[in-house]
Amino acid sequence: MRQEKTIIWGITSILLSKTSQARICAVSLQFSTFNCVLKTVDIELIGLGDRGMTALRSLLRIGEKLPVRISALRDTDVERVRAAQRTMDNGQLVRQAHHKSMVNGQWSMVDVVKLTYICTDWQSHARLAIEAMRAGRHVAVEVPAALTLEDINALVETSETTGCHCFMLENCCYDPAILDAIRRIREGEIGMPIHAEGTYYHALDGRWTPWRLEMNRHQRGDLYPTHELAPICMALGITNGQWTMDNGQWTMDNGQCSMDNVQWSMVNGQWPQDRITTLVSMDTAAFTGPSAYEQRMGTAAPDFCNGDHTTTLLRTALGRTIILRHDVLTPQPYDRLFHIVGTRGTITVRDDGSQSHSALTQTMNERLIGALAAGKPLDFGVRDMAVWCAVTPLSELSIKRGFAPVEWPL
Ligand SMILES: NC(=O)c1ccc[n+]([C@@H]2O[C@H](COP(=O)([O-])OP(=O)(O)OC[C@H]3O[C@@H](n4cnc5c(N)ncnc54)[C@H](O)[C@@H]3O)[C@@H](O)[C@H]2O)c1
């Protein structure tokens with residue numbers, strides 16, 4: 001097997017697959033690639049740390065049944081690229097190497113990659129995703145895809161002008177217990193959902209990565225809201241109508257729900273869409289953050305600013321409320337809560353962290369690759385990503401303004 005190693009922008013890249021495939025269907029700004037059938041989903045995987053290696057193993061497994069191929073591996077750390085490559089070799093799924101992928105310091109427009117799958121640290125997500133879409137590639141990007149409103153808007157605009165998908169890899173949307181709860185809610189079991197609570201309690205302890213600690217050192221607010229908010233948005237109909245969950249119960253197409261036996265929510269025969277209008281956040285002081293930082297990084301951080309526990313309240317246009325709680329510092333048990341209060345009852349799903357999340361990731365990746373290969377709409381679109389990620393910059397803003405309510409700008 002021939003390999004090529006190119007160092008550009010300090011990024012080491014090993015390209016592994018053959019260039020005989022046609023390029024992504026179109027790179028023209030006028031031509032949408034959204035529903036293009038891909039004969040082979042050639043993937044460039046960027047970021048080969050813990051999550052990237054989980055993704056790699058998942059994608060290799062999918063390669064046994066769907067037309068997917070790992071075509072490029074990228075990481076700023078060459079040792080990680082080599083380790084990932086060994087995993088590929090062991091999987092015996094490596095195809096022939098192909099020609100250089102860089103032309104004049106840019107990713108070539110003639111290489112084979114059709115999907116850029118990003119598992120790097122948070123700060124690099126938006127930039128890498130925008131670069132990839134501008135090169136005509138679909139993007140799948142880990143949570144959170146963006147940290148600022150500017151980056152969120154840039155992702156939406158780039159996706160919609162290039163016609164390239166920007167799919168955020170929110171695996172909690174594929175939790176079977178939550179999907180079952182959403183089905184029951186849509187069947188009218190708890191009446192109209194009027195309030196939701198979600199938590200992300202995960203004492204990171206030895207799992208802190210330096211970049212995540214640095215983020216928490218310099219920024220206040222809920223820095224990781226999407227695991228609990230995304231499923232709540234599904235339950236409350238805060239969406240852009242791209243869901244295609246084909247569990248036989250319901251599908252959505254352009255905001256119209258095709259299910260006609262839903263009792264609580266039909267308005268003029270249509271599924272009502274809701275949207276968030278207001279956010280307010282309040283945090284505790286940074287009680288344990290400075291010592292967590294010192295323990296992991298070896299230097300004191302008296303300026304560590306993020307509170308141990310952040311609570312965010314959201315209100316929607318239909319007058320419903322959501323509470324999000326974020327705590328990755330205090331030594332309490334893992335808790336990813338999904339709690340929905342309806343006019344006739346409640347539904348609660350609680351993930352205590354005792355089960356592996358790899359099945360959720362596997363389902364998500366299978367549905368993503370399957371949809372791309374078939375030219376079908378993805379389960380979630382770039383505007384869902386925008387709503388789920390906006391909590392971070394807006395909670396920071398609310399806290400900065402003295403825990404004041406801020407208008408939802410999307
Ligand atoms: N969905 C989930 O359940 C879940 C679970 C864990 C992590 N994550 C997300 O996955 C992402 C990665 O987390 P992790 O724990 O694997 O982090 P990590 O630090 O272990 O790995 C990140 C990797 O990205 C590389 N990298 C950074 N910038 C790069 C760049 N510009 N180009 C190429 N490579 C670059 C680093 O060298 C490193 O190898 C984060 O966004 C995290 O939030 C999601």
# chains A, B, ... in the order shown; residues from 1 in each chain; ligands from 1
>>> residues_around(residues="His339 of chain A", least_positions_apart="4", cutoff="10 Å", atoms="only C-alpha atoms", output="list in words")
Ile178, Ala181, His195, Ala196, Glu197, Gly198, Thr199, Glu228, Ile232, Ile322, Ile323, Thr346, Ile347, Thr348, Val349 and Arg350 of chain A
>>> select_by_dssp(residues="segment 174-227 of chain A", states="alpha helix (DSSP H)", output="PDB file with N, CA and C atoms, in the first residue's frame")
ATOM      1  N   PRO A 176     -32.393   5.018  22.689  1.00  0.00           N
ATOM      2  CA  PRO A 176     -33.657   4.320  22.457  1.00  0.00           C
ATOM      3  C   PRO A 176     -34.707   4.634  23.522  1.00  0.00           C
ATOM      4  N   ALA A 177     -34.280   4.844  24.778  1.00  0.00           N
ATOM      5  CA  ALA A 177     -35.263   5.144  25.835  1.00  0.00           C
ATOM      6  C   ALA A 177     -35.902   6.513  25.587  1.00  0.00           C
ATOM      7  N   ILE A 178     -35.099   7.459  25.126  1.00  0.00           N
ATOM      8  CA  ILE A 178     -35.647   8.791  24.837  1.00  0.00           C
ATOM      9  C   ILE A 178     -36.529   8.749  23.596  1.00  0.00           C
ATOM     10  N   LEU A 179     -36.114   8.006  22.587  1.00  0.00           N
ATOM     11  CA  LEU A 179     -36.949   7.911  21.371  1.00  0.00           C
ATOM     12  C   LEU A 179     -38.297   7.292  21.700  1.00  0.00           C
ATOM     13  N   ASP A 180     -38.258   6.306  22.590  1.00  0.00           N
ATOM     14  CA  ASP A 180     -39.530   5.674  22.972  1.00  0.00           C
ATOM     15  C   ASP A 180     -40.403   6.676  23.746  1.00  0.00           C
ATOM     16  N   ALA A 181     -39.761   7.474  24.615  1.00  0.00           N
ATOM     17  CA  ALA A 181     -40.513   8.485  25.369  1.00  0.00           C
ATOM     18  C   ALA A 181     -41.126   9.513  24.415  1.00  0.00           C
ATOM     19  N   ILE A 182     -40.367   9.903  23.406  1.00  0.00           N
ATOM     20  CA  ILE A 182     -40.890  10.893  22.444  1.00  0.00           C
ATOM     21  C   ILE A 182     -42.062  10.299  21.666  1.00  0.00           C
ATOM     22  N   ARG A 183     -41.959   9.031  21.331  1.00  0.00           N
ATOM     23  CA  ARG A 183     -43.093   8.378  20.648  1.00  0.00           C
ATOM     24  C   ARG A 183     -44.336   8.427  21.527  1.00  0.00           C
ATOM     25  N   ARG A 184     -44.157   8.124  22.821  1.00  0.00           N
ATOM     26  CA  ARG A 184     -45.318   8.134  23.732  1.00  0.00           C
ATOM     27  C   ARG A 184     -45.883   9.551  23.868  1.00  0.00           C
ATOM     28  N   ILE A 185     -44.999  10.526  23.929  1.00  0.00           N
ATOM     29  CA  ILE A 185     -45.458  11.921  24.028  1.00  0.00           C
ATOM     30  C   ILE A 185     -46.269  12.273  22.792  1.00  0.00           C
ATOM     31  N   ARG A 186     -45.788  11.865  21.646  1.00  0.00           N
ATOM     32  CA  ARG A 186     -46.485  12.196  20.395  1.00  0.00           C
ATOM     33  C   ARG A 186     -47.791  11.434  20.256  1.00  0.00           C
ATOM     34  N   PRO A 210      -7.033  19.153  28.468  1.00  0.00           N
ATOM     35  CA  PRO A 210      -6.533  20.504  28.754  1.00  0.00           C
ATOM     36  C   PRO A 210      -7.355  21.596  28.080  1.00  0.00           C
ATOM     37  N   TRP A 211      -7.764  21.380  26.821  1.00  0.00           N
ATOM     38  CA  TRP A 211      -8.501  22.437  26.116  1.00  0.00           C
ATOM     39  C   TRP A 211      -9.854  22.697  26.769  1.00  0.00           C
ATOM     40  N   ARG A 212     -10.449  21.654  27.347  1.00  0.00           N
ATOM     41  CA  ARG A 212     -11.767  21.852  27.984  1.00  0.00           C
ATOM     42  C   ARG A 212     -11.608  22.610  29.295  1.00  0.00           C
ATOM     43  N   LEU A 213     -10.527  22.302  30.010  1.00  0.00           N
ATOM     44  CA  LEU A 213     -10.247  23.045  31.244  1.00  0.00           C
ATOM     45  C   LEU A 213      -9.993  24.518  30.932  1.00  0.00           C
ATOM     46  N   GLU A 214      -9.213  24.751  29.864  1.00  0.00           N
ATOM     47  CA  GLU A 214      -8.907  26.142  29.486  1.00  0.00           C
ATOM     48  C   GLU A 214     -10.188  26.910  29.158  1.00  0.00           C
ATOM     49  N   MET A 215     -11.085  26.233  28.428  1.00  0.00           N
ATOM     50  CA  MET A 215     -12.370  26.882  28.095  1.00  0.00           C
ATOM     51  C   MET A 215     -13.102  27.285  29.361  1.00  0.00           C
ATOM     52  N   ASN A 216     -13.165  26.360  30.318  1.00  0.00           N
ATOM     53  CA  ASN A 216     -13.888  26.638  31.566  1.00  0.00           C
ATOM     54  C   ASN A 216     -13.148  27.665  32.419  1.00  0.00           C
ATOM     55  N   ARG A 217     -11.847  27.726  32.223  1.00  0.00           N
ATOM     56  CA  ARG A 217     -11.082  28.734  32.959  1.00  0.00           C
ATOM     57  C   ARG A 217     -11.462  30.139  32.496  1.00  0.00           C
ATOM     58  N   HIS A 218     -11.681  30.269  31.186  1.00  0.00           N
ATOM     59  CA  HIS A 218     -11.870  31.613  30.624  1.00  0.00           C
ATOM     60  C   HIS A 218     -13.316  31.991  30.341  1.00  0.00           C
ATOM     61  N   THR A 226     -25.825  20.493  24.686  1.00  0.00           N
ATOM     62  CA  THR A 226     -26.595  19.864  23.607  1.00  0.00           C
ATOM     63  C   THR A 226     -27.084  18.454  23.928  1.00  0.00           C
ATOM     64  N   HIS A 227     -26.375  17.724  24.802  1.00  0.00           N
ATOM     65  CA  HIS A 227     -26.815  16.351  25.101  1.00  0.00           C
ATOM     66  C   HIS A 227     -28.228  16.341  25.694  1.00  0.00           C
TER      67      HIS A 227
END
>>> closest_residue(among="A:Ala386, A:Ala374, A:Leu204, A:Val406", to="Pro144 of chain A", atoms="only C-alpha atoms")
A:Ala386
>>> closest_residue(among="A:Tyr201, A:Thr321, A:Glu44, A:Ala84", to="Ala132 of chain A", atoms="only C-alpha atoms")
A:Glu44
>>> atom_distance(atom1="atom CA of Cys36 of chain A", atom2="atom CA of Cys172 of chain A")
26.6 Å
>>> residues_around(residues="segment 387-389 of chain A", least_positions_apart="5", cutoff="8 Å", atoms="only C-alpha atoms", output="JSON, numbers by chain")
{"A": [144, 145, 146, 147, 152, 225, 226, 229, 230, 410]}
>>> select_by_dssp(residues="segment 112-215 of chain A", states="strand (DSSP E)", output="list in words")
Leu115, Thr116, Tyr117, Ile118, His138, Val139, Ala140, Val141, Cys166, Phe167, Met168, Pro193, Ile194, His195, Ala196, Glu197, Gly198, Thr199, Tyr200 and Tyr201 of chain A
>>> write_last_selection(atoms="N, CA and C atoms", output="mmCIF file, in the first residue's frame")
data_model
loop_
_atom_site.group_PDB
_atom_site.id
_atom_site.type_symbol
_atom_site.label_atom_id
_atom_site.label_comp_id
_atom_site.auth_asym_id
_atom_site.auth_seq_id
_atom_site.Cartn_x
_atom_site.Cartn_y
_atom_site.Cartn_z
ATOM 1 N N LEU A 115 -17.296 13.378 2.823
ATOM 2 C CA LEU A 115 -17.772 13.735 4.164
ATOM 3 C C LEU A 115 -16.573 13.989 5.069
ATOM 4 N N THR A 116 -16.527 15.172 5.650
ATOM 5 C CA THR A 116 -15.490 15.474 6.638
ATOM 6 C C THR A 116 -16.099 15.279 8.017
ATOM 7 N N TYR A 117 -15.491 14.407 8.785
ATOM 8 C CA TYR A 117 -16.035 13.999 10.090
ATOM 9 C C TYR A 117 -15.078 14.545 11.148
ATOM 10 N N ILE A 118 -15.560 15.495 11.953
ATOM 11 C CA ILE A 118 -14.660 16.285 12.807
ATOM 12 C C ILE A 118 -14.803 15.910 14.286
ATOM 13 N N HIS A 138 -19.666 17.454 2.558
ATOM 14 C CA HIS A 138 -20.584 17.419 3.682
ATOM 15 C C HIS A 138 -19.752 17.339 4.967
ATOM 16 N N VAL A 139 -20.382 17.759 6.054
ATOM 17 C CA VAL A 139 -19.667 17.793 7.327
ATOM 18 C C VAL A 139 -20.486 17.103 8.408
ATOM 19 N N ALA A 140 -19.813 16.303 9.217
ATOM 20 C CA ALA A 140 -20.392 15.801 10.469
ATOM 21 C C ALA A 140 -19.446 16.279 11.559
ATOM 22 N N VAL A 141 -19.963 16.978 12.537
ATOM 23 C CA VAL A 141 -19.070 17.603 13.514
ATOM 24 C C VAL A 141 -19.551 17.315 14.932
ATOM 25 N N CYS A 166 -24.397 20.160 7.169
ATOM 26 C CA CYS A 166 -23.594 20.343 8.378
ATOM 27 C C CYS A 166 -24.370 19.657 9.498
ATOM 28 N N PHE A 167 -23.984 18.439 9.803
ATOM 29 C CA PHE A 167 -24.724 17.587 10.735
ATOM 30 C C PHE A 167 -23.959 17.536 12.052
ATOM 31 N N MET A 168 -24.610 17.934 13.143
ATOM 32 C CA MET A 168 -23.922 17.831 14.427
ATOM 33 C C MET A 168 -24.145 16.442 15.015
ATOM 34 N N PRO A 193 -47.034 18.647 26.177
ATOM 35 C CA PRO A 193 -45.838 18.930 26.965
ATOM 36 C C PRO A 193 -45.692 20.432 27.188
ATOM 37 N N ILE A 194 -45.545 20.813 28.452
ATOM 38 C CA ILE A 194 -45.468 22.261 28.714
ATOM 39 C C ILE A 194 -44.162 22.670 29.398
ATOM 40 N N HIS A 195 -43.429 21.677 29.909
ATOM 41 C CA HIS A 195 -42.202 22.026 30.627
ATOM 42 C C HIS A 195 -41.219 20.867 30.503
ATOM 43 N N ALA A 196 -39.938 21.192 30.411
ATOM 44 C CA ALA A 196 -38.925 20.132 30.298
ATOM 45 C C ALA A 196 -37.737 20.455 31.187
ATOM 46 N N GLU A 197 -37.118 19.401 31.702
ATOM 47 C CA GLU A 197 -35.888 19.597 32.472
ATOM 48 C C GLU A 197 -34.836 18.642 31.945
ATOM 49 N N GLY A 198 -33.640 19.171 31.767
ATOM 50 C CA GLY A 198 -32.535 18.337 31.311
ATOM 51 C C GLY A 198 -31.308 18.624 32.138
ATOM 52 N N THR A 199 -30.554 17.575 32.456
ATOM 53 C CA THR A 199 -29.302 17.820 33.173
ATOM 54 C C THR A 199 -28.148 17.161 32.441
ATOM 55 N N TYR A 200 -27.000 17.746 32.630
ATOM 56 C CA TYR A 200 -25.763 17.073 32.258
ATOM 57 C C TYR A 200 -24.844 17.179 33.467
ATOM 58 N N TYR A 201 -24.880 16.141 34.309
ATOM 59 C CA TYR A 201 -23.989 16.049 35.467
ATOM 60 C C TYR A 201 -22.961 14.976 35.149
#
>>> closest_residue(among="A:Val37, A:Ala404, A:Leu73, A:Leu60", to="ligand 1", atoms="only C-alpha atoms and all ligand atoms")
A:Leu73
>>> residues_around(residues="Pro331 of chain A", least_positions_apart="5", cutoff="9 Å", atoms="only C-alpha atoms", output="list in words")
His202, Ala203, Leu204 and Asp205 of chain A
>>> closest_residue(among="A:Met297, A:Val41, A:Leu318, A:Ala359", to="ligand 1", atoms="only C-alpha atoms and all ligand atoms")
A:Ala359
>>> atom_distance(atom1="atom CA of Met364 of chain A", atom2="atom CA of Asn171 of chain A")
6.0 Å
>>> residues_around(residues="segment 63-70 of chain A", least_positions_apart="6", cutoff="6 Å", atoms="only C-alpha atoms", output="NGL selection string")
:A and (40-43)
>>> write_last_selection(atoms="N, CA and C atoms", output="tab-separated table (two decimals), in the first residue's frame")
chain	number	residue	atom	x	y	z
A	40	THR	N	-20.18	5.93	-2.93
A	40	THR	CA	-19.35	5.57	-1.77
A	40	THR	C	-19.20	6.82	-0.91
A	41	VAL	N	-19.39	6.66	0.38
A	41	VAL	CA	-19.21	7.81	1.27
A	41	VAL	C	-17.75	7.79	1.73
A	42	ASP	N	-16.92	8.53	1.00
A	42	ASP	CA	-15.49	8.63	1.36
A	42	ASP	C	-15.34	9.64	2.47
A	43	ILE	N	-14.71	9.21	3.55
A	43	ILE	CA	-14.66	10.07	4.75
A	43	ILE	C	-13.25	10.52	5.06
>>> decode(residues="segment 214-242 of chain A", atoms="N, CA and C atoms", output="mmCIF file, in the first residue's frame")
data_model
loop_
_atom_site.group_PDB
_atom_site.id
_atom_site.type_symbol
_atom_site.label_atom_id
_atom_site.label_comp_id
_atom_site.auth_asym_id
_atom_site.auth_seq_id
_atom_site.Cartn_x
_atom_site.Cartn_y
_atom_site.Cartn_z
ATOM 1 N N GLU A 214 -9.213 24.751 29.864
ATOM 2 C CA GLU A 214 -8.907 26.142 29.486
ATOM 3 C C GLU A 214 -10.188 26.910 29.158
ATOM 4 N N MET A 215 -11.085 26.233 28.428
ATOM 5 C CA MET A 215 -12.370 26.882 28.095
ATOM 6 C C MET A 215 -13.102 27.285 29.361
ATOM 7 N N ASN A 216 -13.165 26.360 30.318
ATOM 8 C CA ASN A 216 -13.888 26.638 31.566
ATOM 9 C C ASN A 216 -13.148 27.665 32.419
ATOM 10 N N ARG A 217 -11.847 27.726 32.223
ATOM 11 C CA ARG A 217 -11.082 28.734 32.959
ATOM 12 C C ARG A 217 -11.462 30.139 32.496
ATOM 13 N N HIS A 218 -11.681 30.269 31.186
ATOM 14 C CA HIS A 218 -11.870 31.613 30.624
ATOM 15 C C HIS A 218 -13.316 31.991 30.341
ATOM 16 N N GLN A 219 -14.230 31.020 30.367
ATOM 17 C CA GLN A 219 -15.608 31.354 29.955
ATOM 18 C C GLN A 219 -16.634 30.824 30.945
ATOM 19 N N ARG A 220 -17.569 31.675 31.297
ATOM 20 C CA ARG A 220 -18.680 31.248 32.153
ATOM 21 C C ARG A 220 -19.864 30.817 31.296
ATOM 22 N N GLY A 221 -20.738 30.035 31.899
ATOM 23 C CA GLY A 221 -21.945 29.632 31.177
ATOM 24 C C GLY A 221 -22.023 28.127 31.002
ATOM 25 N N ASP A 222 -23.115 27.688 30.380
ATOM 26 C CA ASP A 222 -23.311 26.263 30.098
ATOM 27 C C ASP A 222 -22.523 25.937 28.832
ATOM 28 N N LEU A 223 -21.355 25.311 29.007
ATOM 29 C CA LEU A 223 -20.473 25.065 27.867
ATOM 30 C C LEU A 223 -20.781 23.746 27.165
ATOM 31 N N TYR A 224 -21.748 22.986 27.646
ATOM 32 C CA TYR A 224 -22.020 21.677 27.036
ATOM 33 C C TYR A 224 -23.511 21.361 27.152
ATOM 34 N N PRO A 225 -24.349 22.109 26.440
ATOM 35 C CA PRO A 225 -25.798 21.967 26.650
ATOM 36 C C PRO A 225 -26.499 20.983 25.722
ATOM 37 N N THR A 226 -25.825 20.493 24.686
ATOM 38 C CA THR A 226 -26.595 19.864 23.607
ATOM 39 C C THR A 226 -27.084 18.454 23.928
ATOM 40 N N HIS A 227 -26.375 17.724 24.802
ATOM 41 C CA HIS A 227 -26.815 16.351 25.101
ATOM 42 C C HIS A 227 -28.228 16.341 25.694
ATOM 43 N N GLU A 228 -28.537 17.326 26.514
ATOM 44 C CA GLU A 228 -29.880 17.319 27.116
ATOM 45 C C GLU A 228 -30.870 18.180 26.333
ATOM 46 N N LEU A 229 -30.377 19.261 25.722
ATOM 47 C CA LEU A 229 -31.318 20.138 25.019
ATOM 48 C C LEU A 229 -31.839 19.521 23.722
ATOM 49 N N ALA A 230 -30.997 18.830 22.988
ATOM 50 C CA ALA A 230 -31.430 18.321 21.672
ATOM 51 C C ALA A 230 -32.638 17.377 21.798
ATOM 52 N N PRO A 231 -32.597 16.379 22.681
ATOM 53 C CA PRO A 231 -33.793 15.520 22.801
ATOM 54 C C PRO A 231 -35.018 16.284 23.315
ATOM 55 N N ILE A 232 -34.794 17.287 24.170
ATOM 56 C CA ILE A 232 -35.932 18.100 24.642
ATOM 57 C C ILE A 232 -36.550 18.848 23.463
ATOM 58 N N CYS A 233 -35.706 19.372 22.592
ATOM 59 C CA CYS A 233 -36.230 20.066 21.406
ATOM 60 C C CYS A 233 -37.045 19.101 20.545
ATOM 61 N N MET A 234 -36.605 17.858 20.447
ATOM 62 C CA MET A 234 -37.382 16.870 19.684
ATOM 63 C C MET A 234 -38.750 16.677 20.323
ATOM 64 N N ALA A 235 -38.774 16.596 21.658
ATOM 65 C CA ALA A 235 -40.030 16.330 22.364
ATOM 66 C C ALA A 235 -40.993 17.506 22.271
ATOM 67 N N LEU A 236 -40.433 18.721 22.241
ATOM 68 C CA LEU A 236 -41.287 19.915 22.250
ATOM 69 C C LEU A 236 -41.548 20.479 20.854
ATOM 70 N N GLY A 237 -41.042 19.810 19.838
ATOM 71 C CA GLY A 237 -41.285 20.307 18.478
ATOM 72 C C GLY A 237 -40.508 21.570 18.160
ATOM 73 N N ILE A 238 -39.367 21.744 18.827
ATOM 74 C CA ILE A 238 -38.503 22.880 18.499
ATOM 75 C C ILE A 238 -37.492 22.354 17.496
ATOM 76 N N THR A 239 -37.832 22.501 16.246
ATOM 77 C CA THR A 239 -37.044 21.829 15.218
ATOM 78 C C THR A 239 -37.240 22.530 13.900
ATOM 79 N N ASN A 240 -36.489 22.065 12.954
ATOM 80 C CA ASN A 240 -36.662 22.613 11.619
ATOM 81 C C ASN A 240 -37.290 21.613 10.675
ATOM 82 N N GLY A 241 -37.961 20.645 11.266
ATOM 83 C CA GLY A 241 -38.773 19.768 10.444
ATOM 84 C C GLY A 241 -38.014 18.819 9.564
ATOM 85 N N GLN A 242 -36.836 18.392 9.990
ATOM 86 C CA GLN A 242 -36.091 17.495 9.119
ATOM 87 C C GLN A 242 -36.048 16.076 9.665
#
